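Structure file protein-v7.cif (mmCIF, C-alpha atoms) follows.
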data_my_file
loop_
_atom_site.label_atom_id
_atom_site.label_comp_id
_atom_site.auth_asym_id
_atom_site.auth_seq_id
_atom_site.Cartn_x
_atom_site.Cartn_y
_atom_site.Cartn_z
CA MET A 1279 174.81 27.90 -5.72
CA THR A 1280 175.24 24.71 -3.80
CA THR A 1281 176.79 23.74 -0.56
CA ALA A 1282 179.98 21.80 -0.90
CA PRO A 1283 179.87 18.09 -0.09
CA GLY A 1284 179.50 17.14 3.53
CA ALA A 1285 183.15 16.20 3.72
CA SER A 1286 183.97 19.89 3.81
CA ALA A 1287 182.18 20.38 7.11
CA VAL A 1288 184.37 20.32 10.18
CA LEU A 1289 182.92 17.83 12.64
CA PRO A 1290 179.55 19.36 13.40
CA ALA A 1291 178.41 18.50 16.89
CA PRO A 1292 174.92 16.96 17.08
CA SER A 1293 173.38 20.21 18.31
CA VAL A 1294 174.58 22.39 15.46
CA PRO A 1295 172.46 22.90 12.36
CA ALA A 1296 172.73 20.81 9.25
CA GLU A 1297 174.58 22.32 6.30
CA PRO A 1298 173.39 25.80 5.32
CA LEU A 1299 170.24 25.88 3.21
CA GLN A 1300 170.13 28.01 0.10
CA VAL A 1301 167.08 30.23 -0.10
CA THR A 1302 165.58 32.76 -2.46
CA PRO A 1303 162.62 35.05 -1.76
CA GLN A 1304 160.47 32.12 -2.86
CA GLY A 1305 161.84 29.75 -0.23
CA PRO A 1306 161.92 26.91 0.59
CA TRP A 1307 160.69 28.45 3.83
CA HIS A 1308 158.88 25.34 5.05
CA THR A 1309 162.26 23.58 5.12
CA VAL A 1310 163.78 26.44 7.11
CA ARG A 1311 160.93 26.30 9.59
CA ARG A 1312 161.21 22.51 9.89
CA GLU A 1313 164.97 22.69 10.40
CA LEU A 1314 164.56 25.15 13.24
CA ALA A 1315 161.84 23.03 14.81
CA GLU A 1316 163.85 19.83 14.59
CA ARG A 1317 167.38 21.02 15.37
CA GLY A 1318 166.83 24.24 17.26
CA SER A 1319 168.97 26.24 14.84
CA VAL A 1320 169.18 26.85 11.13
CA VAL A 1321 171.67 28.57 8.83
CA VAL A 1322 170.54 29.86 5.45
CA PHE A 1323 172.56 31.38 2.67
CA ALA A 1324 171.63 33.23 -0.48
CA ARG A 1325 172.99 34.78 -3.61
CA LEU A 1326 172.98 38.56 -3.57
CA GLN A 1327 171.34 38.88 -6.97
CA ASP A 1328 168.45 36.61 -6.03
CA TRP A 1329 167.41 39.19 -3.45
CA LEU A 1330 167.92 42.30 -5.53
CA SER A 1331 166.28 41.25 -8.75
CA ASP A 1332 162.81 42.39 -7.74
CA PHE A 1333 163.96 45.93 -7.25
CA PRO A 1334 164.61 48.47 -9.97
CA SER A 1335 168.20 48.29 -11.06
CA ASP A 1336 168.24 52.04 -11.44
CA LEU A 1337 167.62 52.93 -7.82
CA PRO A 1338 168.78 56.51 -7.61
CA PRO A 1339 171.94 56.90 -5.59
CA ALA A 1340 171.22 58.36 -2.20
CA THR A 1341 172.93 61.43 -0.96
CA SER A 1342 174.05 62.14 2.53
CA THR A 1343 171.31 64.73 2.83
CA ALA A 1344 168.45 62.66 1.45
CA THR A 1345 165.74 61.70 3.88
CA GLY A 1346 163.91 58.42 3.79
CA ALA A 1347 160.77 60.12 2.56
CA GLU A 1348 162.57 61.86 -0.28
CA PHE A 1349 164.25 58.67 -1.37
CA GLY A 1350 161.07 56.66 -1.17
CA ALA A 1351 159.20 59.20 -3.24
CA GLY A 1352 161.84 59.03 -5.90
CA MET A 1353 161.89 55.28 -6.12
CA GLY A 1354 158.51 54.34 -7.32
CA ALA A 1355 155.42 55.86 -8.81
CA GLY A 1356 153.63 57.85 -6.16
CA GLY A 1357 156.26 57.04 -3.58
CA ASP A 1358 154.51 53.77 -2.80
CA SER A 1359 157.65 51.66 -2.69
CA ALA A 1360 157.48 48.70 -0.38
CA LEU A 1361 161.06 49.18 0.71
CA PRO A 1362 160.52 51.71 3.51
CA ALA A 1363 158.07 49.39 5.23
CA LEU A 1364 160.26 46.36 4.67
CA LEU A 1365 163.45 47.94 5.91
CA GLY A 1366 161.78 49.65 8.84
CA ARG A 1367 164.34 51.32 11.09
CA ASP A 1368 167.10 50.44 8.57
CA TRP A 1369 165.47 52.54 5.85
CA GLN A 1370 167.06 55.84 6.73
CA ARG A 1371 170.52 54.35 7.03
CA PHE A 1372 170.02 52.65 3.67
CA THR A 1373 169.08 55.89 1.97
CA GLN A 1374 172.23 57.56 3.23
CA MET A 1375 174.61 54.97 1.82
CA THR A 1376 176.53 56.21 -1.20
CA ASN A 1377 178.44 53.07 -2.15
CA ASP A 1378 176.38 50.96 -4.55
CA ASP A 1379 177.96 47.65 -3.54
CA VAL A 1380 177.39 48.39 0.14
CA ARG A 1381 173.81 49.47 -0.52
CA GLY A 1382 173.07 46.31 -2.45
CA ARG A 1383 174.49 44.00 0.22
CA PHE A 1384 172.84 45.97 3.01
CA LEU A 1385 169.44 45.80 1.36
CA ALA A 1386 169.65 42.16 0.32
CA SER A 1387 170.97 41.00 3.69
CA ARG A 1388 168.17 42.74 5.60
CA LEU A 1389 165.59 41.31 3.24
CA LEU A 1390 167.01 37.83 3.69
CA LEU A 1391 167.06 38.23 7.45
CA LYS A 1392 163.49 39.48 7.58
CA TYR A 1393 162.19 36.74 5.30
CA ALA A 1394 163.98 34.05 7.27
CA ALA A 1395 162.74 35.44 10.59
CA ALA A 1396 159.24 35.79 9.18
CA ALA A 1397 159.31 32.16 8.07
CA VAL A 1398 160.18 30.79 11.50
CA LEU A 1399 157.92 33.22 13.36
CA GLU A 1400 155.06 32.67 10.90
CA ALA A 1401 154.76 36.40 10.40
CA ARG A 1402 155.08 38.77 7.47
CA PRO A 1403 158.55 40.08 6.55
CA ALA A 1404 157.44 43.71 6.84
CA ASP A 1405 156.23 43.03 10.37
CA ILE A 1406 159.60 41.79 11.61
CA ASP A 1407 161.08 44.51 13.80
CA LEU A 1408 164.82 44.26 13.27
CA ALA A 1409 166.68 46.33 15.84
CA TYR A 1410 170.28 46.74 16.99
CA LYS A 1411 171.93 46.62 20.37
CA PRO A 1412 174.44 49.34 21.28
CA GLY A 1413 177.39 47.43 19.81
CA GLY A 1414 175.50 46.85 16.56
CA ARG A 1415 174.30 43.31 17.20
CA PRO A 1416 171.00 42.74 15.36
CA TYR A 1417 168.02 41.25 17.20
CA LEU A 1418 164.33 40.72 16.69
CA ARG A 1419 162.57 43.20 18.91
CA GLY A 1420 159.78 41.53 20.84
CA CYS A 1421 161.03 38.00 20.12
CA ASP A 1422 163.80 37.44 22.62
CA GLN A 1423 163.49 33.65 22.42
CA VAL A 1424 164.91 33.67 18.91
CA ASP A 1425 168.45 34.85 18.29
CA ILE A 1426 169.79 35.86 14.89
CA SER A 1427 173.10 36.62 13.22
CA LEU A 1428 173.97 38.03 9.83
CA SER A 1429 177.00 38.04 7.56
CA HIS A 1430 177.62 39.04 3.98
CA THR A 1431 180.62 39.20 1.72
CA ALA A 1432 181.01 39.55 -2.04
CA ASP A 1433 177.80 37.99 -3.46
CA LEU A 1434 177.01 35.76 -0.49
CA LEU A 1435 174.50 36.43 2.28
CA VAL A 1436 174.27 34.25 5.40
CA VAL A 1437 171.75 34.27 8.25
CA GLY A 1438 171.76 32.10 11.36
CA ILE A 1439 168.71 31.63 13.56
CA THR A 1440 168.48 29.72 16.83
CA ARG A 1441 166.02 29.15 19.64
CA ARG A 1442 168.68 27.48 21.79
CA GLY A 1443 170.63 30.53 22.95
CA TRP A 1444 173.00 32.82 21.08
CA ILE A 1445 174.26 32.43 17.55
CA GLY A 1446 176.98 34.03 15.43
CA VAL A 1447 177.75 33.45 11.76
CA ASP A 1448 180.51 34.78 9.57
CA ALA A 1449 181.38 34.34 5.91
CA GLU A 1450 184.49 35.16 3.93
CA LEU A 1451 185.84 34.41 0.50
CA SER A 1452 188.04 31.34 0.90
CA SER A 1453 190.56 32.93 -1.43
CA ARG A 1454 190.91 36.12 0.61
CA GLN A 1455 194.63 36.57 1.16
CA LEU A 1456 195.36 36.71 4.88
CA ARG A 1457 198.64 34.86 5.02
CA GLY A 1458 201.44 37.30 5.69
CA SER A 1459 199.03 40.18 6.14
CA ALA A 1460 198.36 42.43 9.07
CA VAL A 1461 195.40 40.23 9.84
CA GLU A 1462 197.63 37.25 10.50
CA ARG A 1463 199.69 39.32 12.90
CA GLN A 1464 196.75 40.95 14.65
CA ILE A 1465 194.21 38.18 15.18
CA CYS A 1466 196.28 35.18 16.21
CA THR A 1467 197.09 34.05 19.74
CA PRO A 1468 200.64 32.85 20.43
CA TYR A 1469 199.33 29.28 20.33
CA GLU A 1470 197.66 29.79 16.95
CA THR A 1471 200.80 31.40 15.55
CA GLN A 1472 202.79 28.42 16.73
CA LEU A 1473 200.40 25.92 15.12
CA LEU A 1474 200.13 27.90 11.90
CA ALA A 1475 203.91 27.97 11.60
CA ARG A 1476 203.78 24.19 11.37
CA THR A 1477 201.05 24.26 8.72
CA HIS A 1478 202.03 23.65 5.13
CA GLN A 1479 202.28 26.94 3.22
CA GLN A 1480 199.49 26.01 0.81
CA ALA A 1481 197.07 25.20 3.62
CA ARG A 1482 197.98 28.16 5.76
CA ASN A 1483 195.75 30.74 4.14
CA ALA A 1484 192.75 28.43 4.30
CA ALA A 1485 193.47 27.82 7.99
CA LEU A 1486 193.64 31.57 8.60
CA VAL A 1487 190.38 32.26 6.81
CA ARG A 1488 188.74 29.56 8.89
CA LEU A 1489 190.22 31.00 12.09
CA TRP A 1490 189.03 34.47 11.17
CA THR A 1491 185.47 33.36 10.47
CA LEU A 1492 185.35 31.30 13.68
CA LYS A 1493 186.56 34.26 15.71
CA GLU A 1494 184.12 36.62 14.07
CA ALA A 1495 181.26 34.15 14.58
CA TYR A 1496 182.13 33.70 18.25
CA SER A 1497 182.54 37.41 18.83
CA LYS A 1498 179.22 38.12 17.13
CA ALA A 1499 177.49 35.44 19.21
CA ILE A 1500 178.56 37.11 22.44
CA GLY A 1501 177.64 40.53 21.07
CA GLN A 1502 181.13 41.96 20.94
CA GLY A 1503 182.12 42.02 17.28
CA LEU A 1504 185.39 43.82 16.68
CA ARG A 1505 185.36 45.23 20.23
CA PHE A 1506 186.65 41.88 21.43
CA ARG A 1507 190.41 41.31 21.29
CA PHE A 1508 190.93 38.49 18.83
CA THR A 1509 194.37 37.77 20.25
CA GLU A 1510 192.90 36.88 23.62
CA PHE A 1511 190.95 33.83 22.54
CA GLY A 1512 191.48 31.33 19.82
CA PHE A 1513 190.99 27.97 18.23
CA ALA A 1514 193.30 25.20 17.21
CA PRO A 1515 193.78 25.18 13.45
CA GLY A 1516 193.14 21.64 12.24
CA ALA A 1517 191.82 20.32 15.55
CA ARG A 1518 189.11 17.66 15.35
CA ARG A 1519 187.11 19.21 18.18
CA VAL A 1520 186.55 22.92 17.76
CA GLN A 1521 186.47 24.81 21.04
CA VAL A 1522 187.51 28.20 22.34
CA LEU A 1523 191.05 28.24 23.69
CA ARG A 1524 192.94 30.67 25.85
CA PRO A 1525 195.97 32.36 24.28
CA ASP A 1526 198.23 29.58 25.61
CA GLY A 1527 196.05 26.89 24.03
CA THR A 1528 194.30 25.63 27.15
CA PRO A 1529 190.49 25.18 26.97
CA GLY A 1530 188.53 28.37 27.43
CA SER A 1531 184.92 27.28 26.94
CA GLY A 1532 182.73 24.35 27.89
CA ASP A 1533 180.47 21.95 26.07
CA GLU A 1534 177.71 24.51 25.80
CA TRP A 1535 179.47 26.00 22.80
CA SER A 1536 179.34 24.40 19.36
CA PHE A 1537 181.29 25.50 16.32
CA CYS A 1538 181.15 24.49 12.70
CA THR A 1539 182.79 25.57 9.47
CA TRP A 1540 181.42 24.88 6.01
CA SER A 1541 182.59 25.45 2.50
CA VAL A 1542 179.71 27.10 0.67
CA ALA A 1543 179.28 27.42 -3.07
CA GLY A 1544 182.84 26.26 -3.56
CA ARG A 1545 184.32 29.69 -2.83
CA TYR A 1546 183.21 30.80 0.60
CA THR A 1547 184.16 29.77 4.13
CA VAL A 1548 181.24 30.06 6.54
CA SER A 1549 181.58 29.52 10.28
CA LEU A 1550 179.01 29.20 13.01
CA ALA A 1551 179.27 29.71 16.78
CA LEU A 1552 176.35 28.58 18.89
CA VAL A 1553 175.89 28.52 22.63
CA ASP A 1554 173.13 26.43 24.14
CA LEU A 1555 171.54 28.38 26.98
CA GLY A 1556 168.75 25.89 27.52
CA PHE A 1557 166.13 27.87 25.64
CA ASP A 1558 165.05 24.78 23.75
CA ASP A 1559 161.70 24.27 25.49
CA ALA A 1560 159.89 26.68 23.20
CA VAL A 1561 159.56 24.40 20.20
CA ASP A 1562 156.77 26.57 18.81
CA VAL A 1563 158.35 29.91 18.06
CA ALA A 1564 155.48 31.30 16.00
CA ALA A 1565 155.07 34.93 16.92
CA ARG A 1566 151.52 34.44 18.15
CA THR A 1567 152.70 31.78 20.57
CA MET A 1568 155.67 33.73 21.89
CA LEU A 1569 154.11 37.14 22.29
CA ASP A 1570 151.41 38.36 24.58
CA GLU A 1571 148.10 38.96 22.84
CA ALA A 1572 148.35 42.74 22.57
CA MET A 1573 151.88 42.60 21.22
CA ALA A 1574 150.94 39.89 18.72
CA ASP A 1575 147.99 41.91 17.49
CA ALA A 1576 150.18 44.97 17.10
CA LEU A 1577 152.89 43.11 15.24
CA LEU A 1578 150.68 40.88 13.15
CA ARG A 1579 148.21 43.47 12.04
CA GLN A 1580 146.47 43.24 8.70
CA PRO A 1581 148.83 43.20 5.74
CA GLN A 1582 150.19 46.57 4.88
CA ASN A 1583 149.35 47.89 1.49
CA THR A 1584 152.71 47.15 -0.04
CA ARG A 1585 153.25 45.50 -3.37
CA TRP A 1586 156.24 43.56 -2.05
CA THR A 1587 154.36 41.86 0.76
CA ALA A 1588 151.41 41.08 -1.44
CA GLN A 1589 153.56 39.56 -4.16
CA ARG A 1590 155.47 37.46 -1.72
CA GLU A 1591 152.41 36.17 0.03
CA VAL A 1592 150.91 35.04 -3.24
CA ARG A 1593 154.06 33.32 -4.36
CA ASP A 1594 155.18 32.00 -1.02
CA PRO A 1595 152.49 31.60 1.59
CA LEU A 1596 154.33 31.06 4.83
CA MET B 423 191.36 47.93 -5.50
CA SER B 424 191.07 47.59 -1.74
CA GLU B 425 194.86 47.96 -1.42
CA LEU B 426 194.71 51.30 -3.24
CA LEU B 427 191.81 52.43 -1.08
CA LEU B 428 193.61 51.41 2.11
CA ASP B 429 196.73 53.28 1.06
CA ARG B 430 194.76 56.37 0.12
CA VAL B 431 192.85 56.54 3.38
CA ALA B 432 196.00 55.86 5.42
CA ASP B 433 197.84 58.61 3.49
CA ASP B 434 195.02 61.09 4.00
CA VAL B 435 194.86 60.43 7.72
CA VAL B 436 198.61 60.58 8.23
CA THR B 437 198.84 63.81 6.21
CA ALA B 438 196.11 65.32 8.36
CA LEU B 439 197.94 64.27 11.53
CA GLU B 440 201.16 65.83 10.26
CA THR B 441 199.65 69.07 9.04
CA GLY B 442 196.98 69.53 11.68
CA ARG B 443 194.44 70.14 8.93
CA PRO B 444 191.24 68.19 8.31
CA PRO B 445 191.81 65.04 6.24
CA ALA B 446 190.73 64.76 2.63
CA GLY B 447 187.34 63.10 2.50
CA GLU B 448 186.74 64.05 6.10
CA HIS B 449 183.09 63.02 6.02
CA SER B 450 183.55 59.82 4.03
CA ARG B 451 182.23 56.94 6.12
CA LEU B 452 184.40 53.87 6.08
CA TYR B 453 181.57 51.38 5.67
CA GLU B 454 178.65 53.19 4.10
CA ASP B 455 180.64 55.25 1.59
CA LEU B 456 183.96 53.47 1.10
CA GLY B 457 182.89 49.86 1.51
CA PHE B 458 185.32 48.87 4.24
CA ASP B 459 184.79 45.51 5.91
CA SER B 460 186.23 44.18 9.17
CA LEU B 461 189.39 42.82 7.59
CA MET B 462 190.03 46.14 5.88
CA LEU B 463 189.71 47.95 9.22
CA ILE B 464 192.45 45.73 10.63
CA GLU B 465 194.63 46.42 7.59
CA LEU B 466 194.01 50.15 7.89
CA VAL B 467 195.01 50.28 11.56
CA ASP B 468 198.14 48.31 10.72
CA ARG B 469 199.06 50.77 7.95
CA LEU B 470 198.54 53.71 10.29
CA GLN B 471 200.78 52.14 12.93
CA GLU B 472 203.40 51.46 10.30
CA ARG B 473 203.38 54.97 8.86
CA ARG B 474 203.10 56.77 12.15
CA PRO B 475 204.97 54.70 14.77
CA ALA B 476 204.73 57.55 17.25
CA LEU B 477 201.05 56.68 17.65
CA GLY B 478 202.13 53.58 19.52
CA GLU B 479 199.96 50.50 19.74
CA LEU B 480 196.47 50.99 18.29
CA PRO B 481 194.24 48.15 19.47
CA LEU B 482 191.29 47.85 17.11
CA PRO B 483 188.80 47.09 19.93
CA ASP B 484 189.62 50.48 21.46
CA MET B 485 189.25 52.26 18.13
CA VAL B 486 186.35 50.64 16.37
CA GLY B 487 183.77 52.87 18.07
CA GLY B 488 185.51 55.97 16.73
CA MET B 489 186.06 54.90 13.16
CA ALA B 490 182.75 55.94 11.63
CA ASP B 491 184.36 58.28 9.13
CA ILE B 492 187.80 59.55 8.18
CA GLY B 493 187.36 62.70 10.23
CA SER B 494 186.42 60.87 13.42
CA LEU B 495 189.27 58.41 12.91
CA THR B 496 191.70 61.31 12.57
CA ASP B 497 190.33 62.94 15.70
CA LEU B 498 190.67 59.66 17.57
CA LEU B 499 194.30 59.36 16.55
CA ARG B 500 195.02 62.96 17.49
CA THR B 501 193.65 62.24 20.95
CA ALA B 502 195.66 59.02 21.14
CA ALA B 503 198.81 60.88 20.14
CA THR B 504 198.43 63.44 22.90
CA ALA B 505 197.78 60.67 25.39
CA GLN B 506 200.99 58.84 24.48
CA PRO B 507 203.88 59.40 26.91
CA GLN B 508 206.40 61.69 25.22
CA PRO B 509 209.67 59.88 24.54
CA ALA B 510 212.94 61.28 25.85
CA PRO B 511 214.81 63.26 23.16
CA GLY B 512 217.40 60.52 22.75
CA MET B 513 214.72 57.90 22.23
CA GLU B 514 213.03 60.01 19.59
CA ALA B 515 216.28 60.52 17.71
CA GLU B 516 216.97 56.81 17.84
CA GLY B 517 213.46 56.14 16.65
CA ASN B 518 213.90 58.49 13.70
CA ALA B 519 217.17 56.91 12.73
CA ALA B 520 215.94 53.32 12.90
#

What would you get if you wrote out this structure as structure tokens?
Amino acid sequence: MTTAPGASAVLPAPSVPAEPLQVTPQGPWHTVRRELAERGSVVVFARLQDWLSDFPSDLPPATSTATGAEFGAGMGAGGDSALPALLGRDWQRFTQMTNDDVRGRFLASRLLLKYAAAAVLEARPADIDLAYKPGGRPYLRGCDQVDISLSHTADLLVVGITRRGWIGVDAELSSRQLRGSAVERQICTPYETQLLARTHQQARNAALVRLWTLKEAYSKAIGQGLRFRFTEFGFAPGARRVQVLRPDGTPGSGDEWSFCTWSVAGRYTVSLALVDLGFDDAVDVAARTMLDEAMADALLRQPQNTRWTAQREVRDPL
Amino acid sequence: MSELLLDRVADDVVTALETGRPPAGEHSRLYEDLGFDSLMLIELVDRLQERRPALGELPLPDMVGGMADIGSLTDLLRTAATAQPQPAPGMEAEGNAA
């Protein structure tokens, strides 16, 4: 899986990350860490299968009544699976998912997020405490200086990490049919509808997918998700400078916001929204630097006795 | 595939609203069990509005917190329906004829 040529990117502002980096459990995590150090933000993407291949393909389907302990005991010999420790507070929710596709994407996306966060925090994936705010926005508990965002669709996983402020990422299949759908009617501002009407039919669906991912990325960055009315803010399809607009097309955000859209792997549209809140002073975001001593000791305790962590540390010392 | 799923869920919810009975698959969760994503939620709300115009406008931001499973979505719509101002008889007849 490769990122499409740079020409596909839509005018990245200097403060936005370079093109998304493809990662597997093996890395390259040093590049991710360097990117965050140099640019303040990094976006990584991954192939679903690359993150599921180390787990038994015959994971028993969970039932709505299964508990985490029951599921864990059934997964591996002696119930010593590494997954409960790796997924942490997500474990129980994972065990109660009955849709195999959803379970696979949920698991792989959390693993990717934890590995990426562990790389930049110089911690172990199992020690990353992924938590959720009331609206569902994920965050790294105990590491407020680093903001994260997550998106997954089909076989693509995307994670954004920043130490500048807030970040939102969203990914969608570029071929997803939105033109003429309810989505076109329900997400567009009057100004966007007007501009889209002037767009050539063949380019209109691509413009809508880009709009959708930009709106989702922005809404995720501000912690609103689908609770934000997508018809009350917008973007200008095809504009050279991407900025948030009011429904009538007048500017609605300042220079602190940066947006970017990439074509990834030739079949996905990935958008980024990033707001610079001036958090850039903390160039060293290693967990030990950011946390007080007691918290660091608690989080970075000796490696847990999990096969997953041990294997990863041997293959990919962070 | 997703079109069939959307139609099925919309049919089940509308049938439940019309009969007053619990919907089929009441405890099926839209994301965890059925695999809905954000775009599918928008499509589902649109189908519900289309099939049950009496529900009035259904803004997704107001609904998304109550769409965990088919049962909670149905309950949410029942509440929304009772909160809607009742149309005058003539308006209802006109609405049915249109």

Item to check | Interatomic distance, CA of Val1321 (chain A) to CA of Arg1507 (chain A) (Å, one decimal) | outcome: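 Between these atoms lies a distance of 25.9 Å.
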
Checklist entry - CA of His1478 (chain A) to CA of Leu1456 (chain A): how many Å, to one decimal? => result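 Spanning CA of His1478 (chain A) to CA of Leu1456 (chain A) is a straight-line distance of 14.7 Å.
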
Please provide the set of residues having any atom within 9 Å of Arg469 (chain B), restricted to only C-alpha atoms, with same-chain residues fewer than 3 positions apart removed, written as a CSV table (one decimal) with C-alpha atoms, in the coordinates of the input.
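Output (around17.csv):
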chain,number,residue,atom,x,y,z
A,1460,ALA,CA,198.4,42.4,9.1
B,428,LEU,CA,193.6,51.4,2.1
B,429,ASP,CA,196.7,53.3,1.1
B,432,ALA,CA,196.0,55.9,5.4
B,464,ILE,CA,192.4,45.7,10.6
B,465,GLU,CA,194.6,46.4,7.6
B,466,LEU,CA,194.0,50.2,7.9
B,472,GLU,CA,203.4,51.5,10.3
B,473,ARG,CA,203.4,55.0,8.9
B,474,ARG,CA,203.1,56.8,12.2

Next on the checklist: Please find the residues of chain A near chain B - the criterion being any atom within 10 Å, counting only C-alpha atoms - and write them as a VMD selection string.
Outcome noted: chain A and resid 1342 1371 to 1372 1374 to 1381 1384 1413 1430 to 1431 1450 1454 1456 1459 to 1465 1490 1494 1502 to 1508

Checklist entry - the PyMOL selection byres ((chain A and resi 1519) around 12) on the file shown: which residues, as a list of chain:residue names? => result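 Answer for the PyMOL selection byres ((chain A and resi 1519) around 12): A:Val1288, A:Leu1289, A:Pro1290, A:Ala1291, A:Phe1513, A:Ala1514, A:Pro1515, A:Gly1516, A:Ala1517, A:Arg1518, A:Val1520, A:Gln1521, A:Val1522, A:Leu1523, A:Pro1529, A:Gly1532, A:Asp1533, A:Trp1535, A:Ser1536, A:Phe1537, A:Cys1538, A:Thr1539.
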
Could you list, as a PDB file with C-alpha atoms, in the frame of the given file, every residue within 6 Å of region 1467-1474 of chain A, counting all atoms listed in the file and ignoring same-chain residues fewer than 2 positions away?
ATOM      1  CA  ARG A1476     203.780  24.190  11.370  1.00  0.00           C
ATOM      2  CA  THR A1477     201.050  24.260   8.720  1.00  0.00           C
ATOM      3  CA  THR A1509     194.370  37.770  20.250  1.00  0.00           C
ATOM      4  CA  PRO A1525     195.970  32.360  24.280  1.00  0.00           C
ATOM      5  CA  ASP A1526     198.230  29.580  25.610  1.00  0.00           C
ATOM      6  CA  GLY A1527     196.050  26.890  24.030  1.00  0.00           C
TER       7      GLY A1527
END

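Put simply, CA of Trp1540 (chain A) is 24.9 Å away from CA of Leu1330 (chain A).
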
Checklist entry - Neighbours of Pro1295 (chain A) within 8 Å (only C-alpha atoms; same-chain residues fewer than 6 positions away dropped), as a PyMOL selection string? => result chain A and resi 1313+1317-1321

Expand the PyMOL selection byres ((chain A and resi 1405) around 8) into the individual residues it matches in the shown file, reporting them as a PDB file with C-alpha atoms, in the coordinates of the input.
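Output (out.pdb):
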ATOM      1  CA  LEU A1364     160.260  46.360   4.670  1.00  0.00           C
ATOM      2  CA  ALA A1396     159.240  35.790   9.180  1.00  0.00           C
ATOM      3  CA  ALA A1401     154.760  36.400  10.400  1.00  0.00           C
ATOM      4  CA  ARG A1402     155.080  38.770   7.470  1.00  0.00           C
ATOM      5  CA  PRO A1403     158.550  40.080   6.550  1.00  0.00           C
ATOM      6  CA  ALA A1404     157.440  43.710   6.840  1.00  0.00           C
ATOM      7  CA  ILE A1406     159.600  41.790  11.610  1.00  0.00           C
ATOM      8  CA  ASP A1407     161.080  44.510  13.800  1.00  0.00           C
ATOM      9  CA  LEU A1577     152.890  43.110  15.240  1.00  0.00           C
ATOM     10  CA  LEU A1578     150.680  40.880  13.150  1.00  0.00           C
TER      11      LEU A1578
END

Item to check | Resolved residues for the PyMOL selection byres ((chain B and resi 447) around 9) as a count of residues only | outcome: 12

Next on the checklist: Using all atoms listed in the file, which protein or nucleic acid residues come within 6 Å of Leu1434 (chain A)? Drop anything in the same chain fewer than 5 positions from it, and give the result as a count of residues only.
Outcome noted: 3

Using the file's own x, y and z axes, what box holds all listed atoms of region 1543-1555 of chain A with 4 Å on each side, keeping edges along x, y and z, and what are its centre and edge lengths in Å to one decimal, as JSON?
{"center_x": 177.9, "center_y": 28.5, "center_z": 11.7, "size_x": 20.8, "size_y": 12.5, "size_z": 38.5}

Next on the checklist: Could you check the closest approach to Pro475 (chain B) for each of B:Leu495, B:Ala505, B:Val436, B:Ala490 and tell me which residue wins, using only C-alpha atoms?
Outcome noted: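 That would be B:Val436, the residue with the smallest distance to Pro475 (chain B).
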
Checklist entry - Any idea what's packed within 7 Å of Pro1298 (chain A), counting all atoms listed in the file, ignoring anything in its chain fewer than 2 positions away? Could you give it as an MDAnalysis selection string? => result chainID A and resid 1296 1300 1321:1323

Next on the checklist: Please determine, counting only C-alpha atoms, which residue among B:Thr504, B:Thr441, B:Ser494, B:Ser424 has the shortest atom-to-atom distance to Gln1455 (chain A).
Outcome noted: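 For Gln1455 (chain A), the nearest of the candidates is B:Ser424.
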
Mind completing region 477-486 of chain B with N, CA and C atoms? Output as an mmCIF file, in the frame of the given file, please?
data_model
loop_
_atom_site.group_PDB
_atom_site.id
_atom_site.type_symbol
_atom_site.label_atom_id
_atom_site.label_comp_id
_atom_site.auth_asym_id
_atom_site.auth_seq_id
_atom_site.Cartn_x
_atom_site.Cartn_y
_atom_site.Cartn_z
ATOM 1 N N LEU B 477 202.395 56.900 17.097
ATOM 2 C CA LEU B 477 201.050 56.680 17.650
ATOM 3 C C LEU B 477 201.052 55.547 18.662
ATOM 4 N N GLY B 478 202.080 54.714 18.606
ATOM 5 C CA GLY B 478 202.130 53.580 19.520
ATOM 6 C C GLY B 478 201.159 52.496 19.118
ATOM 7 N N GLU B 479 200.858 51.602 20.055
ATOM 8 C CA GLU B 479 199.960 50.500 19.740
ATOM 9 C C GLU B 479 198.538 51.028 19.578
ATOM 10 N N LEU B 480 197.852 50.560 18.553
ATOM 11 C CA LEU B 480 196.470 50.990 18.290
ATOM 12 C C LEU B 480 195.574 49.761 18.293
ATOM 13 N N PRO B 481 195.103 49.346 19.448
ATOM 14 C CA PRO B 481 194.240 48.150 19.470
ATOM 15 C C PRO B 481 192.899 48.437 18.818
ATOM 16 N N LEU B 482 192.548 47.632 17.830
ATOM 17 C CA LEU B 482 191.290 47.850 17.110
ATOM 18 C C LEU B 482 190.076 47.905 18.032
ATOM 19 N N PRO B 483 189.981 47.021 19.056
ATOM 20 C CA PRO B 483 188.800 47.090 19.930
ATOM 21 C C PRO B 483 188.615 48.458 20.578
ATOM 22 N N ASP B 484 189.729 49.154 20.842
ATOM 23 C CA ASP B 484 189.620 50.480 21.460
ATOM 24 C C ASP B 484 189.245 51.546 20.434
ATOM 25 N N MET B 485 189.435 51.243 19.162
ATOM 26 C CA MET B 485 189.250 52.260 18.130
ATOM 27 C C MET B 485 187.957 52.127 17.355
ATOM 28 N N VAL B 486 187.419 50.915 17.332
ATOM 29 C CA VAL B 486 186.350 50.640 16.370
ATOM 30 C C VAL B 486 185.135 51.552 16.576
#
